[in-house]
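Just model_38.pdb here, PDB, C-alpha atoms:
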```
MODEL        1
ATOM      1  CA  MET F  18     -27.163  -7.003 -11.515
ATOM      2  CA  ALA F  19     -28.309  -9.782  -9.173
ATOM      3  CA  ALA F  20     -24.894  -9.860  -7.511
ATOM      4  CA  LEU F  21     -25.031  -6.095  -6.961
ATOM      5  CA  ASP F  22     -28.545  -6.378  -5.520
ATOM      6  CA  ASN F  23     -27.125  -8.669  -2.825
ATOM      7  CA  LEU F  24     -24.273  -6.305  -1.982
ATOM      8  CA  ARG F  25     -24.844  -4.737   1.433
ATOM      9  CA  PHE F  26     -22.592  -2.676   3.666
ATOM     10  CA  ALA F  27     -23.566  -3.188   7.273
ATOM     11  CA  PRO F  28     -23.438  -0.218   9.661
ATOM     12  CA  PRO F  29     -20.041   0.033  11.375
ATOM     13  CA  PRO F  30     -20.195  -1.991  14.599
ATOM     14  CA  ALA F  31     -19.987  -0.442  18.036
ATOM     15  CA  PHE F  32     -16.339  -0.455  19.061
ATOM     16  CA  PRO F  33     -15.799   1.247  22.438
ATOM     17  CA  GLU F  34     -12.357  -0.324  22.892
ATOM     18  CA  GLY F  35     -11.347   1.465  19.708
ATOM     19  CA  GLU F  36     -11.621   4.815  21.468
ATOM     20  CA  ARG F  37      -9.208   3.640  24.160
ATOM     21  CA  LEU F  38      -6.788   2.605  21.426
ATOM     22  CA  ARG F  39      -7.313   5.966  19.707
ATOM     23  CA  ALA F  40      -6.236   7.756  22.893
ATOM     24  CA  GLU F  41      -3.172   5.499  23.108
ATOM     25  CA  VAL F  42      -2.176   6.324  19.522
ATOM     26  CA  ARG F  43      -2.626  10.054  20.110
ATOM     27  CA  ALA F  44      -0.397   9.891  23.195
ATOM     28  CA  PHE F  45       2.228   8.019  21.144
ATOM     29  CA  LEU F  46       2.083  10.682  18.435
ATOM     30  CA  ALA F  47       2.414  13.487  20.963
ATOM     31  CA  GLU F  48       5.657  11.879  22.190
ATOM     32  CA  HIS F  49       7.194  10.487  19.000
ATOM     33  CA  MET F  50       6.049  12.650  16.083
ATOM     34  CA  PRO F  51       9.250  13.725  14.266
ATOM     35  CA  PRO F  52       9.824  17.493  14.098
ATOM     36  CA  HIS F  53      10.238  17.297  10.313
ATOM     37  CA  ALA F  54       6.898  15.499   9.766
ATOM     38  CA  ILE F  55       4.764  16.757   6.906
ATOM     39  CA  LYS F  56       1.747  18.953   7.468
ATOM     40  CA  ALA F  57      -1.196  16.830   8.590
ATOM     41  CA  GLY F  58      -2.975  15.271   5.646
ATOM     42  CA  VAL F  59      -0.637  16.601   2.962
ATOM     43  CA  GLY F  60       0.684  13.668   0.988
ATOM     44  CA  SER F  61      -1.187  11.404   3.389
ATOM     45  CA  TRP F  62       0.961   8.266   3.644
ATOM     46  CA  GLY F  63       3.988   9.685   1.781
ATOM     47  CA  GLY F  64       6.127  10.789   4.726
ATOM     48  CA  TYR F  65       9.142   8.513   5.179
ATOM     49  CA  ASP F  66      10.979   7.945   8.465
ATOM     50  CA  LEU F  67      12.376   4.483   9.214
ATOM     51  CA  GLU F  68      12.998   5.265  12.874
ATOM     52  CA  PHE F  69       9.327   6.163  13.258
ATOM     53  CA  SER F  70       8.360   2.932  11.476
ATOM     54  CA  ARG F  71      10.511   0.931  13.883
ATOM     55  CA  LYS F  72       8.830   2.621  16.844
ATOM     56  CA  MET F  73       5.431   1.687  15.424
ATOM     57  CA  GLY F  74       6.637  -1.866  14.934
ATOM     58  CA  ALA F  75       7.782  -2.022  18.549
ATOM     59  CA  ARG F  76       4.276  -0.976  19.644
ATOM     60  CA  GLY F  77       2.740  -3.780  17.584
ATOM     61  CA  TRP F  78       1.072  -1.423  15.090
ATOM     62  CA  ILE F  79       2.421  -2.979  11.880
ATOM     63  CA  GLY F  80       1.118  -6.341  10.722
ATOM     64  CA  MET F  81      -1.593  -5.962  13.330
ATOM     65  CA  THR F  82      -3.966  -8.572  11.899
ATOM     66  CA  TRP F  83      -1.295 -11.104  10.862
ATOM     67  CA  PRO F  84      -0.658 -14.434  12.634
ATOM     68  CA  LYS F  85       1.733 -14.199  15.566
ATOM     69  CA  ARG F  86       3.950 -16.931  14.127
ATOM     70  CA  TYR F  87       4.942 -14.470  11.360
ATOM     71  CA  GLY F  88       5.533 -11.522  13.680
ATOM     72  CA  GLY F  89       1.933 -10.288  13.592
ATOM     73  CA  HIS F  90      -0.371  -9.540  16.493
ATOM     74  CA  GLU F  91      -3.731 -11.160  15.571
ATOM     75  CA  ARG F  92      -5.683  -7.997  16.314
ATOM     76  CA  SER F  93      -8.868  -6.957  14.534
ATOM     77  CA  ALA F  94      -9.261  -5.001  11.306
ATOM     78  CA  LEU F  95     -11.110  -2.346  13.307
ATOM     79  CA  GLU F  96      -8.138  -1.911  15.655
ATOM     80  CA  ARG F  97      -5.858  -1.548  12.643
ATOM     81  CA  TYR F  98      -8.297   0.970  11.195
ATOM     82  CA  VAL F  99      -8.099   3.177  14.298
ATOM     83  CA  VAL F 100      -4.288   3.203  14.194
ATOM     84  CA  LEU F 101      -4.220   4.048  10.480
ATOM     85  CA  GLU F 102      -6.800   6.794  10.800
ATOM     86  CA  GLU F 103      -4.965   8.508  13.655
ATOM     87  CA  MET F 104      -1.586   8.216  11.940
ATOM     88  CA  LEU F 105      -2.852   9.661   8.676
ATOM     89  CA  ALA F 106      -4.912  12.411  10.303
ATOM     90  CA  ALA F 107      -1.789  13.550  12.136
ATOM     91  CA  GLY F 108       0.392  13.415   9.001
ATOM     92  CA  ALA F 109       2.672  10.797  10.587
ATOM     93  CA  PRO F 110       5.549   9.577   8.365
ATOM     94  CA  VAL F 111       4.326   6.015   7.758
ATOM     95  CA  GLY F 112       5.747   5.658   4.232
ATOM     96  CA  GLY F 113       8.606   3.410   5.329
ATOM     97  CA  HIS F 114       6.250   0.520   6.028
ATOM     98  CA  TRP F 115       3.053   1.578   4.241
ATOM     99  CA  VAL F 116       3.162  -0.622   1.128
ATOM    100  CA  ALA F 117       4.597  -3.607   2.994
ATOM    101  CA  ASP F 118       1.950  -3.439   5.725
ATOM    102  CA  ARG F 119      -1.011  -2.682   3.472
ATOM    103  CA  GLN F 120      -0.522  -5.052   0.554
ATOM    104  CA  SER F 121       2.858  -6.740   0.099
ATOM    105  CA  GLY F 122       2.729  -8.502   3.465
ATOM    106  CA  PRO F 123      -0.900  -9.638   3.083
ATOM    107  CA  LEU F 124      -0.099 -10.923  -0.415
ATOM    108  CA  LEU F 125       2.856 -12.878   0.970
ATOM    109  CA  LEU F 126       0.569 -14.304   3.632
ATOM    110  CA  ARG F 127      -1.853 -15.445   0.955
ATOM    111  CA  VAL F 128       0.439 -16.925  -1.696
ATOM    112  CA  GLY F 129       4.017 -16.935  -0.364
ATOM    113  CA  THR F 130       6.045 -20.013   0.506
ATOM    114  CA  GLU F 131       6.882 -20.746   4.127
ATOM    115  CA  PRO F 132      10.544 -19.711   3.630
ATOM    116  CA  GLN F 133       9.402 -16.419   2.054
ATOM    117  CA  LYS F 134       6.951 -15.706   4.859
ATOM    118  CA  ASN F 135       9.329 -16.663   7.665
ATOM    119  CA  ALA F 136      12.182 -14.599   6.238
ATOM    120  CA  ILE F 137      10.288 -11.408   5.458
ATOM    121  CA  LEU F 138       7.031 -10.960   7.391
ATOM    122  CA  PRO F 139       8.603 -10.556  10.858
ATOM    123  CA  ARG F 140      10.912  -7.875   9.450
ATOM    124  CA  ILE F 141       7.946  -5.989   7.989
ATOM    125  CA  ALA F 142       6.078  -6.188  11.303
ATOM    126  CA  ALA F 143       9.143  -4.771  13.061
ATOM    127  CA  GLY F 144       9.244  -1.784  10.691
ATOM    128  CA  GLU F 145      12.559  -2.922   9.238
ATOM    129  CA  CYS F 146      11.691  -3.980   5.680
ATOM    130  CA  ALA F 147      10.266  -1.668   3.001
ATOM    131  CA  PHE F 148       8.535  -2.757  -0.219
ATOM    132  CA  CYS F 149       7.712  -1.057  -3.502
ATOM    133  CA  ILE F 150       5.227  -2.026  -6.207
ATOM    134  CA  GLY F 151       6.445  -3.191  -9.633
ATOM    135  CA  MET F 152       3.252  -2.990 -11.691
ATOM    136  CA  SER F 153       3.038   0.128 -13.897
ATOM    137  CA  GLU F 154       5.117   0.535 -17.058
ATOM    138  CA  PRO F 155       5.966   3.387 -19.441
ATOM    139  CA  ASP F 156       3.336   4.177 -22.097
ATOM    140  CA  SER F 157       0.789   1.852 -20.493
ATOM    141  CA  GLY F 158      -1.301   4.205 -18.378
ATOM    142  CA  SER F 159      -3.473   2.156 -16.031
ATOM    143  CA  ASP F 160      -3.763  -0.791 -18.446
ATOM    144  CA  LEU F 161      -2.100  -3.397 -16.253
ATOM    145  CA  ALA F 162      -2.800  -6.181 -18.743
ATOM    146  CA  SER F 163      -0.422  -4.524 -21.229
ATOM    147  CA  VAL F 164       2.666  -5.529 -19.206
ATOM    148  CA  ARG F 165       5.708  -5.911 -21.477
ATOM    149  CA  THR F 166       8.395  -6.716 -18.912
ATOM    150  CA  ARG F 167       9.299 -10.306 -19.706
ATOM    151  CA  ALA F 168      10.683 -13.061 -17.502
ATOM    152  CA  ALA F 169      11.995 -15.943 -19.604
ATOM    153  CA  ALA F 170      12.579 -19.317 -17.978
ATOM    154  CA  VAL F 171      16.267 -20.274 -18.151
ATOM    155  CA  ALA F 172      18.542 -23.047 -16.924
ATOM    156  CA  GLY F 173      22.213 -22.175 -17.008
ATOM    157  CA  LYS F 174      25.315 -21.492 -14.967
ATOM    158  CA  SER F 175      23.311 -19.408 -12.492
ATOM    159  CA  GLY F 176      20.832 -22.221 -11.980
ATOM    160  CA  VAL F 177      17.181 -22.629 -12.837
ATOM    161  CA  GLY F 178      15.238 -19.401 -12.840
ATOM    162  CA  PHE F 179      14.097 -16.478 -14.986
ATOM    163  CA  LEU F 180      15.876 -13.810 -17.003
ATOM    164  CA  VAL F 181      14.033 -10.494 -16.689
ATOM    165  CA  ASP F 182      14.074  -7.554 -19.109
ATOM    166  CA  GLY F 183      11.814  -4.514 -18.948
ATOM    167  CA  THR F 184      10.994  -1.276 -17.168
ATOM    168  CA  LYS F 185       8.690  -0.344 -14.294
ATOM    169  CA  LEU F 186       7.554   3.219 -13.621
ATOM    170  CA  TRP F 187       5.993   5.169 -10.710
ATOM    171  CA  THR F 188       7.644   2.792  -8.260
ATOM    172  CA  SER F 189       7.292   4.886  -5.102
ATOM    173  CA  ASN F 190      10.331   4.637  -2.797
ATOM    174  CA  ALA F 191      12.062   1.945  -4.865
ATOM    175  CA  HIS F 192      15.353   3.698  -4.050
ATOM    176  CA  ARG F 193      14.671   3.120  -0.352
ATOM    177  CA  SER F 194      13.096  -0.343  -0.489
ATOM    178  CA  GLU F 195      14.530  -3.768   0.203
ATOM    179  CA  TYR F 196      12.039  -5.608  -1.996
ATOM    180  CA  MET F 197       9.786  -5.181  -5.004
ATOM    181  CA  ILE F 198       6.878  -7.394  -5.991
ATOM    182  CA  LEU F 199       7.323  -7.497  -9.746
ATOM    183  CA  LEU F 200       4.639  -8.342 -12.296
ATOM    184  CA  ALA F 201       6.140  -9.790 -15.474
ATOM    185  CA  ARG F 202       5.062 -11.773 -18.493
ATOM    186  CA  THR F 203       6.227 -15.384 -18.425
ATOM    187  CA  GLY F 204       3.973 -16.709 -21.201
ATOM    188  CA  GLU F 205       1.688 -15.630 -23.993
ATOM    189  CA  ALA F 206      -1.179 -13.316 -23.157
ATOM    190  CA  GLY F 207      -3.785 -15.252 -25.126
ATOM    191  CA  GLU F 208      -7.134 -13.878 -26.197
ATOM    192  CA  GLN F 209      -8.027 -12.565 -22.714
ATOM    193  CA  ARG F 210      -4.759 -10.538 -22.380
ATOM    194  CA  HIS F 211      -4.597 -11.468 -18.712
ATOM    195  CA  GLY F 212      -2.851 -14.800 -19.118
ATOM    196  CA  GLY F 213       0.864 -15.527 -18.949
ATOM    197  CA  LEU F 214       1.629 -13.185 -16.034
ATOM    198  CA  THR F 215       3.636 -14.043 -12.925
ATOM    199  CA  GLN F 216       4.656 -12.180  -9.788
ATOM    200  CA  PHE F 217       8.200 -12.255  -8.429
ATOM    201  CA  LEU F 218       9.706 -11.329  -5.080
ATOM    202  CA  VAL F 219      12.769  -9.253  -6.004
ATOM    203  CA  ASP F 220      15.537  -8.401  -3.536
ATOM    204  CA  LEU F 221      16.503  -4.916  -4.761
ATOM    205  CA  LYS F 222      19.652  -4.752  -2.646
ATOM    206  CA  ALA F 223      21.182  -8.093  -3.619
ATOM    207  CA  THR F 224      20.060  -8.607  -7.235
ATOM    208  CA  GLN F 225      22.492  -7.612  -9.971
ATOM    209  CA  GLY F 226      21.483  -5.728 -13.141
ATOM    210  CA  ILE F 227      18.728  -3.493 -11.720
ATOM    211  CA  ALA F 228      18.991   0.263 -12.347
ATOM    212  CA  ILE F 229      16.843   2.559 -10.197
ATOM    213  CA  ARG F 230      16.506   6.005 -11.768
ATOM    214  CA  PRO F 231      14.832   8.930  -9.968
ATOM    215  CA  VAL F 232      11.704  10.633 -11.327
ATOM    216  CA  HIS F 233      11.271  14.131  -9.861
ATOM    217  CA  ASN F 234       7.862  15.763  -9.654
ATOM    218  CA  LEU F 235       7.140  19.391 -10.564
ATOM    219  CA  SER F 236       8.182  20.604  -7.121
ATOM    220  CA  GLY F 237      11.505  18.781  -7.425
ATOM    221  CA  GLU F 238      10.697  16.042  -4.938
ATOM    222  CA  HIS F 239      11.887  12.483  -5.475
ATOM    223  CA  HIS F 240       9.358   9.806  -4.500
ATOM    224  CA  PHE F 241       8.917   7.956  -7.792
ATOM    225  CA  ASN F 242      11.413   5.957  -9.803
ATOM    226  CA  GLU F 243      11.950   4.220 -13.095
ATOM    227  CA  VAL F 244      13.316   0.734 -12.434
ATOM    228  CA  VAL F 245      15.068  -0.952 -15.353
ATOM    229  CA  PHE F 246      15.722  -4.702 -15.521
ATOM    230  CA  GLN F 247      18.377  -5.724 -18.043
ATOM    231  CA  ASP F 248      19.257  -9.425 -18.196
ATOM    232  CA  VAL F 249      18.411  -9.757 -14.506
ATOM    233  CA  PHE F 250      18.532 -13.330 -13.237
ATOM    234  CA  LEU F 251      15.941 -14.309 -10.624
ATOM    235  CA  PRO F 252      16.209 -17.776  -9.054
ATOM    236  CA  ALA F 253      13.125 -19.988  -9.234
ATOM    237  CA  ASP F 254      12.442 -19.445  -5.537
ATOM    238  CA  CYS F 255      11.735 -15.768  -6.305
ATOM    239  CA  VAL F 256       8.417 -16.734  -7.887
ATOM    240  CA  LEU F 257       5.586 -15.460  -5.723
ATOM    241  CA  GLY F 258       2.590 -17.765  -5.825
ATOM    242  CA  GLU F 259       2.142 -19.734  -9.018
ATOM    243  CA  VAL F 260       3.682 -19.196 -12.456
ATOM    244  CA  GLY F 261       0.916 -17.888 -14.712
ATOM    245  CA  SER F 262      -1.339 -16.762 -11.828
ATOM    246  CA  GLY F 263      -0.068 -13.202 -11.792
ATOM    247  CA  TRP F 264      -3.291 -11.556 -12.912
ATOM    248  CA  GLN F 265      -5.418 -13.185 -10.219
ATOM    249  CA  GLN F 266      -2.779 -12.386  -7.601
ATOM    250  CA  VAL F 267      -2.193  -8.778  -8.608
ATOM    251  CA  THR F 268      -5.893  -7.958  -8.670
ATOM    252  CA  SER F 269      -6.302  -9.455  -5.199
ATOM    253  CA  GLU F 270      -3.299  -7.378  -4.094
ATOM    254  CA  LEU F 271      -4.909  -4.216  -5.458
ATOM    255  CA  ALA F 272      -8.019  -4.970  -3.402
ATOM    256  CA  PHE F 273      -5.934  -4.275  -0.275
ATOM    257  CA  GLU F 274      -5.644  -0.649  -1.446
ATOM    258  CA  ARG F 275      -9.323   0.018  -1.821
ATOM    259  CA  SER F 276     -11.153   0.640   1.438
ATOM    260  CA  GLY F 277      -8.788   2.097   4.017
ATOM    261  CA  PRO F 278      -9.044   5.526   5.665
ATOM    262  CA  GLU F 279      -6.367   6.870   3.323
ATOM    263  CA  ARG F 280      -9.015   7.004   0.617
ATOM    264  CA  PHE F 281     -10.802   9.917   2.248
ATOM    265  CA  LEU F 282      -8.071  11.378   4.453
ATOM    266  CA  SER F 283      -5.855  12.018   1.434
ATOM    267  CA  SER F 284      -8.437  14.641   0.360
ATOM    268  CA  PHE F 285      -9.441  15.963   3.773
ATOM    269  CA  THR F 286      -6.901  18.791   3.813
ATOM    270  CA  LEU F 287      -8.550  20.187   0.679
ATOM    271  CA  LEU F 288     -11.847  20.382   2.567
ATOM    272  CA  VAL F 289     -10.199  22.231   5.453
ATOM    273  CA  GLU F 290      -8.567  24.711   3.091
ATOM    274  CA  LEU F 291     -11.822  25.207   1.166
ATOM    275  CA  ALA F 292     -13.692  26.026   4.369
ATOM    276  CA  ARG F 293     -10.934  28.438   5.356
ATOM    277  CA  ALA F 294     -10.978  30.134   1.963
ATOM    278  CA  LEU F 295     -14.770  30.528   1.992
ATOM    279  CA  GLY F 296     -14.662  32.219   5.394
ATOM    280  CA  PRO F 297     -17.363  32.468   8.065
ATOM    281  CA  ASP F 298     -20.102  33.766   5.753
ATOM    282  CA  PRO F 299     -19.988  31.909   2.408
ATOM    283  CA  SER F 300     -22.582  32.421  -0.304
ATOM    284  CA  GLU F 301     -25.545  30.097  -0.622
ATOM    285  CA  ARG F 302     -23.990  28.273  -3.577
ATOM    286  CA  ALA F 303     -20.717  27.896  -1.669
ATOM    287  CA  ARG F 304     -22.562  26.461   1.352
ATOM    288  CA  ILE F 305     -24.310  23.945  -0.894
ATOM    289  CA  ALA F 306     -21.020  22.902  -2.487
ATOM    290  CA  LEU F 307     -19.286  22.642   0.879
ATOM    291  CA  GLY F 308     -22.151  20.627   2.364
ATOM    292  CA  ARG F 309     -22.047  18.211  -0.556
ATOM    293  CA  VAL F 310     -18.324  17.582  -0.073
ATOM    294  CA  VAL F 311     -18.753  17.103   3.679
ATOM    295  CA  ALA F 312     -21.575  14.619   3.073
ATOM    296  CA  HIS F 313     -19.447  12.678   0.599
ATOM    297  CA  LEU F 314     -16.531  12.412   3.020
ATOM    298  CA  ILE F 315     -18.790  11.380   5.909
ATOM    299  CA  MET F 316     -20.290   8.662   3.725
ATOM    300  CA  LEU F 317     -16.847   7.505   2.579
ATOM    301  CA  ARG F 318     -15.685   7.184   6.191
ATOM    302  CA  ARG F 319     -18.804   5.230   7.105
ATOM    303  CA  LEU F 320     -18.316   2.923   4.118
ATOM    304  CA  SER F 321     -14.639   2.471   4.982
ATOM    305  CA  ARG F 322     -15.408   1.590   8.630
ATOM    306  CA  SER F 323     -18.158  -0.761   7.459
ATOM    307  CA  VAL F 324     -15.647  -2.724   5.375
ATOM    308  CA  ALA F 325     -13.248  -2.897   8.337
ATOM    309  CA  GLY F 326     -16.127  -4.173  10.501
ATOM    310  CA  MET F 327     -16.978  -6.888   7.972
ATOM    311  CA  LEU F 328     -13.325  -7.934   7.769
TER     312      LEU F 328
ENDMDL
END
```
Show me this structure written as structure tokens.
Amino acid sequence: MAALDNLRFAPPPAFPEGERLRAEVRAFLAEHMPPHAIKAGVGSWGGYDLEFSRKMGARGWIGMTWPKRYGGHERSALERYVVLEEMLAAGAPVGGHWVADRQSGPLLLRVGTEPQKNAILPRIAAGECAFCIGMSEPDSGSDLASVRTRAAAVAGKSGVGFLVDGTKLWTSNAHRSEYMILLARTGEAGEQRHGGLTQFLVDLKATQGIAIRPVHNLSGEHHFNEVVFQDVFLPADCVLGEVGSGWQQVTSELAFERSGPERFLSSFTLLVELARALGPDPSERARIALGRVVAHLIMLRRLSRSVAGML
């Protein structure tokens, strides 16, 4: 409890230049928003349009906080926050670069080799390289430590590397992505269950033996996939970070998902529709319920901006 007692979220800092950037983003959206874009807020970051992603990359709005030597722009987390908030509030189709910008790129920055970073990060920042996440597996729910996909070290005709067998599920946009960051078991789990895991950088377009099978949702849409690895050879230079450090790396990668504006904007449309359904003269109980939801979302936005300010 002592650690929690010391946890403080400072008030979001004053950021007047952010409002100038906000106006710039809104002007960009007014000019470049695709006619087929999803309704604002519905699906949040799910809309997919590579041409739109490339336009954002050309404006310097992908990889905003990354070092310039890797194609980034060395801008602040608060500036990135403003761009994300405006894009999501408008329902802009940012799905083509979303995973790569939010977590795959930052993970590469943290643990990737120089060849990996030099080859891939500038392409992400330009809006030209999409990533998907290879974590979840069938019958595992959210228990990430139960990973059964195995990568066995081999040395044969194909060189030194790993032979991968297993299945990943809920891999959003795997059918459209150039790369997957794959979590696989390379050793024994041990008593803690979190040992023996390694992450791999997988080129989905060039690697043989990978089957990407669509998973349609109840409305018939295809975002998710089942990705099957059967005797897939990955060269040793596909290892991301250190062999056996997969659990520490994947949990740090998941932290990149936690505090952005998507966490409250993905639900905001429900609030709008609730207010519309209740009408101009809701009952007392309805007003109380609506006020509670509004207060929660206001607090979530403040918390989210506080984290961006601390970053």
Closest contacts (segment 219-238 of chain F/segment 249-266 of chain F, max 10 Å, all atoms listed in the file) as a tab-separated table:
```
residue	atom	partner	partner_atom	distance
F:Val219	CA	F:Cys255	CA	6.6
F:Asp220	CA	F:Cys255	CA	8.7
F:Thr224	CA	F:Val249	CA	7.5
F:Gln225	CA	F:Val249	CA	6.5
F:Gly226	CA	F:Val249	CA	5.2
F:Ile227	CA	F:Val249	CA	6.9
```
Find, counting only C-alpha atoms, the residue in F:Arg92, F:Lys222, F:Arg43, F:Arg76 that gets nearest to Leu328 of chain F.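 When distances to Leu328 of chain F are compared using only C-alpha atoms, the smallest one comes from F:Arg92.
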Protein and nucleic acid residues near (-19.6, 21.2, 4.9) (cut-off 12 Å, only C-alpha atoms) as a PyMOL selection string: chain F and resi 285+287-293+295+297+299+302-315
Taking every listed atom of segment 115-122 of chain F and adding 8 Å to each side, what centre and edge lengths in Å (one decimal) does the axis-aligned box have, as lines of an AutoDock Vina configuration file?
```
center_x = 1.8
center_y = -3.5
center_z = 2.9
size_x = 21.6
size_y = 26.1
size_z = 21.6
```
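Distances from F:Lys134, F:Arg280, F:Arg97, F:Arg230 to Ala325 of chain F were compared using only C-alpha atoms, and the smallest one belongs to F:Arg97.
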Find the distance between atom CA of Tyr65 of chain F and atom CA of His114 of chain F and write it in Å to one decimal. 8.5 Å
Specify as a ChimeraX atom specification each residue included when the PyMOL selection byres ((chain F and resi 122) around 12) is applied to this file. /F:79-84,87-89,114-121,123-129,133-142,144,146-150,196-198,218,257,270,273
Record the distance separating atom CA of Glu41 of chain F and atom CA of Ala272 of chain F, expressed in Å with one decimal. 28.9 Å
Reference answer for the PyMOL selection byres ((chain F and resi 181-192) around 10), as JSON, numbers by chain: {"F": [63, 65, 112, 113, 116, 147, 148, 149, 150, 151, 152, 153, 154, 155, 156, 157, 164, 165, 166, 167, 168, 169, 170, 178, 179, 180, 193, 194, 195, 196, 197, 199, 200, 201, 202, 203, 221, 222, 226, 227, 228, 229, 230, 231, 232, 239, 240, 241, 242, 243, 244, 245, 246, 247, 248, 249, 250, 251]}
Please write as a VMD selection string the full residue list that the PyMOL selection byres ((chain F and resi 320) around 9) yields on this file. chain F and resid 26 to 29 276 315 to 319 321 to 325
Which one is closest to Ala106 of chain F: F:His211, F:Arg275, F:Arg39, F:His233? Count only C-alpha atoms. F:Arg39
How many Å separate atom CA of Pro51 of chain F from atom CA of Leu95 of chain F?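 Computed distance, atom CA of Pro51 of chain F to atom CA of Leu95 of chain F, equals 26.0 Å.
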Let me make sure I understand: among F:Ala31, F:Gly108, F:Gly77, F:Glu68, which one has the smallest atom-to-atom distance to Leu46 of chain F if we use only C-alpha atoms?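 Counting only C-alpha atoms, the residue closest to Leu46 of chain F is F:Gly108.
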